[in-house]
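> One structure, pasted below without further comment.
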Amino acid sequence: QVQLVESGGGLVQIGGSLRLSCAASRIINGLIAMEWHRQAPGKQRELVARIRPGGHTYYADSVKDRFAISTNRANTAVHLQMSSLKPEDTGVYYCATPTTYGSAWWGQGTQVTVSS
């Protein structure tokens, strides 16, 4: 079992910044990537950013050039630096770690609210 614990969410003004963190309870065997997803009210959960162990990153078009994903060397923590935040960035942010075993570990989520 792996526990993922997110932190760093909160209320921020439009144009502001937040840094989300996710800590894993141990090294994840078979790790494919570390990801951030979000779910806005009334919408499906969507992939926001992904980073693979080799450093390759992916960003959803809606967050490109505003968000930056990073990990520690052991791939037991992943961060999401969010800047120029917009109201449409509001939602619950989850970290996830898909593995080669066909499963993924998920965190419990952290709320991000962008408001004027």
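By order in the structure tokens, chains are A, B, ...; within a chain, residues start at 1; ligands start at 1, following the order shown.
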Find the spatial neighbours of range 81-87 of chain A, counting only C-alpha atoms, within a cut-off of 10 Å - ignore same-chain residues fewer than 4 positions away - and output them as a list in words.

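The contact residues come out as Gly8, Val12, Gln13, Ile14, Gly15, Gly16, Ser17, Leu18, Arg19, Leu20, Ser21, Val63, Asp65, Arg66, Phe67, Ala68, Ile69, Ser70, Gly91, Val112, Thr113, Val114, Ser115 and Ser116 of chain A.
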
> Near Arg50 in chain A, within 7 Å and counting only C-alpha atoms, which residues show up once chain neighbours fewer than 4 positions away are dropped, as a PyMOL selection string?

chain A and resi 33-36+57-59

> I'd like to know which residues of range 5-58 of chain A are strand (DSSP E) (by DSSP, run on the backbone); could you write them as JSON, numbers by chain?

{"A": [5, 6, 7, 10, 11, 12, 13, 18, 19, 20, 21, 22, 23, 24, 34, 35, 36, 37, 38, 39, 46, 47, 48, 49, 50, 51, 57, 58]}

> Would you mind exporting C-alpha atoms of the selected residues as a PDB file, in the first residue's frame?


ATOM      1  CA  VAL A   5      -0.996  12.995   0.920  1.00  0.00           C
ATOM      2  CA  GLU A   6      -1.589  16.306  -0.828  1.00  0.00           C
ATOM      3  CA  SER A   7      -1.105  19.709   0.736  1.00  0.00           C
ATOM      4  CA  GLY A  10      -6.456  26.993  -0.401  1.00  0.00           C
ATOM      5  CA  LEU A  11      -8.156  30.187  -1.442  1.00  0.00           C
ATOM      6  CA  VAL A  12      -6.250  32.504  -3.756  1.00  0.00           C
ATOM      7  CA  GLN A  13      -7.092  35.593  -5.734  1.00  0.00           C
ATOM      8  CA  LEU A  18      -0.120  28.332  -5.119  1.00  0.00           C
ATOM      9  CA  ARG A  19       2.245  25.416  -4.720  1.00  0.00           C
ATOM     10  CA  LEU A  20       0.731  21.989  -4.223  1.00  0.00           C
ATOM     11  CA  SER A  21       2.715  19.096  -2.822  1.00  0.00           C
ATOM     12  CA  CYS A  22       2.071  15.392  -2.653  1.00  0.00           C
ATOM     13  CA  ALA A  23       4.107  13.033  -0.510  1.00  0.00           C
ATOM     14  CA  ALA A  24       4.188   9.283  -0.930  1.00  0.00           C
ATOM     15  CA  MET A  34       3.519  11.155 -11.122  1.00  0.00           C
ATOM     16  CA  GLU A  35       0.469  13.138 -12.055  1.00  0.00           C
ATOM     17  CA  TRP A  36      -1.835  15.916 -10.949  1.00  0.00           C
ATOM     18  CA  HIS A  37      -5.502  15.732 -11.816  1.00  0.00           C
ATOM     19  CA  ARG A  38      -8.289  18.097 -10.934  1.00  0.00           C
ATOM     20  CA  GLN A  39     -12.039  17.950 -10.739  1.00  0.00           C
ATOM     21  CA  GLU A  46      -9.030  15.754 -15.843  1.00  0.00           C
ATOM     22  CA  LEU A  47      -5.297  15.265 -16.107  1.00  0.00           C
ATOM     23  CA  VAL A  48      -3.501  18.544 -15.501  1.00  0.00           C
ATOM     24  CA  ALA A  49       0.170  17.604 -15.542  1.00  0.00           C
ATOM     25  CA  ARG A  50       2.391  14.540 -15.617  1.00  0.00           C
ATOM     26  CA  ILE A  51       6.064  13.919 -15.050  1.00  0.00           C
ATOM     27  CA  THR A  57       6.554  16.383 -18.683  1.00  0.00           C
ATOM     28  CA  TYR A  58       3.069  16.838 -20.065  1.00  0.00           C
TER      29      TYR A  58
END

> I'd like the contact shell of Asn72 in chain A - 10 Å cut-off, only C-alpha atoms, skipping same-chain residues fewer than 4 positions apart - returned as a short mmCIF file (atom, residue, chain, number, x, y, z; two decimals) with all heavy atoms, in the first residue's frame.


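File written: around20.cif
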data_model
loop_
_atom_site.label_atom_id
_atom_site.label_comp_id
_atom_site.auth_asym_id
_atom_site.auth_seq_id
_atom_site.Cartn_x
_atom_site.Cartn_y
_atom_site.Cartn_z
N ALA A 23 3.06 13.89 -1.06
CA ALA A 23 4.11 13.03 -0.51
C ALA A 23 3.64 11.59 -0.47
O ALA A 23 2.53 11.31 0.01
CB ALA A 23 4.48 13.50 0.89
N PRO A 53 9.63 9.50 -14.63
CA PRO A 53 10.88 9.42 -13.88
C PRO A 53 12.08 10.00 -14.63
O PRO A 53 12.99 10.53 -14.01
CB PRO A 53 11.04 7.92 -13.64
CG PRO A 53 9.63 7.41 -13.55
CD PRO A 53 8.87 8.23 -14.58
N THR A 76 9.30 10.30 -4.68
CA THR A 76 8.36 10.08 -3.59
C THR A 76 7.60 11.35 -3.23
O THR A 76 6.82 11.36 -2.28
CB THR A 76 9.09 9.57 -2.33
OG1 THR A 76 10.15 10.49 -2.00
CG2 THR A 76 9.66 8.18 -2.56
N ALA A 77 7.84 12.39 -3.99
CA ALA A 77 7.09 13.64 -3.80
C ALA A 77 6.94 14.32 -5.14
O ALA A 77 7.85 14.28 -5.97
CB ALA A 77 7.80 14.57 -2.82
N VAL A 78 5.81 14.92 -5.34
CA VAL A 78 5.56 15.67 -6.57
C VAL A 78 4.93 17.00 -6.20
O VAL A 78 4.13 17.08 -5.25
CB VAL A 78 4.66 14.86 -7.54
CG1 VAL A 78 3.30 14.53 -6.93
CG2 VAL A 78 4.50 15.58 -8.87
N HIS A 79 5.33 18.02 -6.92
CA HIS A 79 4.84 19.36 -6.64
C HIS A 79 4.21 19.96 -7.89
O HIS A 79 4.56 19.58 -9.02
CB HIS A 79 6.01 20.25 -6.20
CG HIS A 79 6.83 19.65 -5.11
ND1 HIS A 79 6.41 19.59 -3.80
CD2 HIS A 79 8.03 19.03 -5.14
CE1 HIS A 79 7.33 18.99 -3.07
NE2 HIS A 79 8.33 18.63 -3.86
#

> Measuring atom to atom with only C-alpha atoms, identify which of A:Thr110, A:Thr71, A:Gln3, A:Ser62 is nearest to Ile28 in chain A.

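Of A:Thr110, A:Thr71, A:Gln3, A:Ser62, the one nearest Ile28 in chain A, counting only C-alpha atoms, is A:Gln3.
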
> What gap, in Å, lies between CA of Asp61 in chain A and CA of Thr99 in chain A?

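CA of Asp61 in chain A sits 24.3 Å away from CA of Thr99 in chain A.
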
> Suppose you want the space between CA of Gly30 in chain A and CA of Gln44 in chain A; what is it in Å?

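Computing the Euclidean distance for CA of Gly30 in chain A and CA of Gln44 in chain A yields 26.8 Å.
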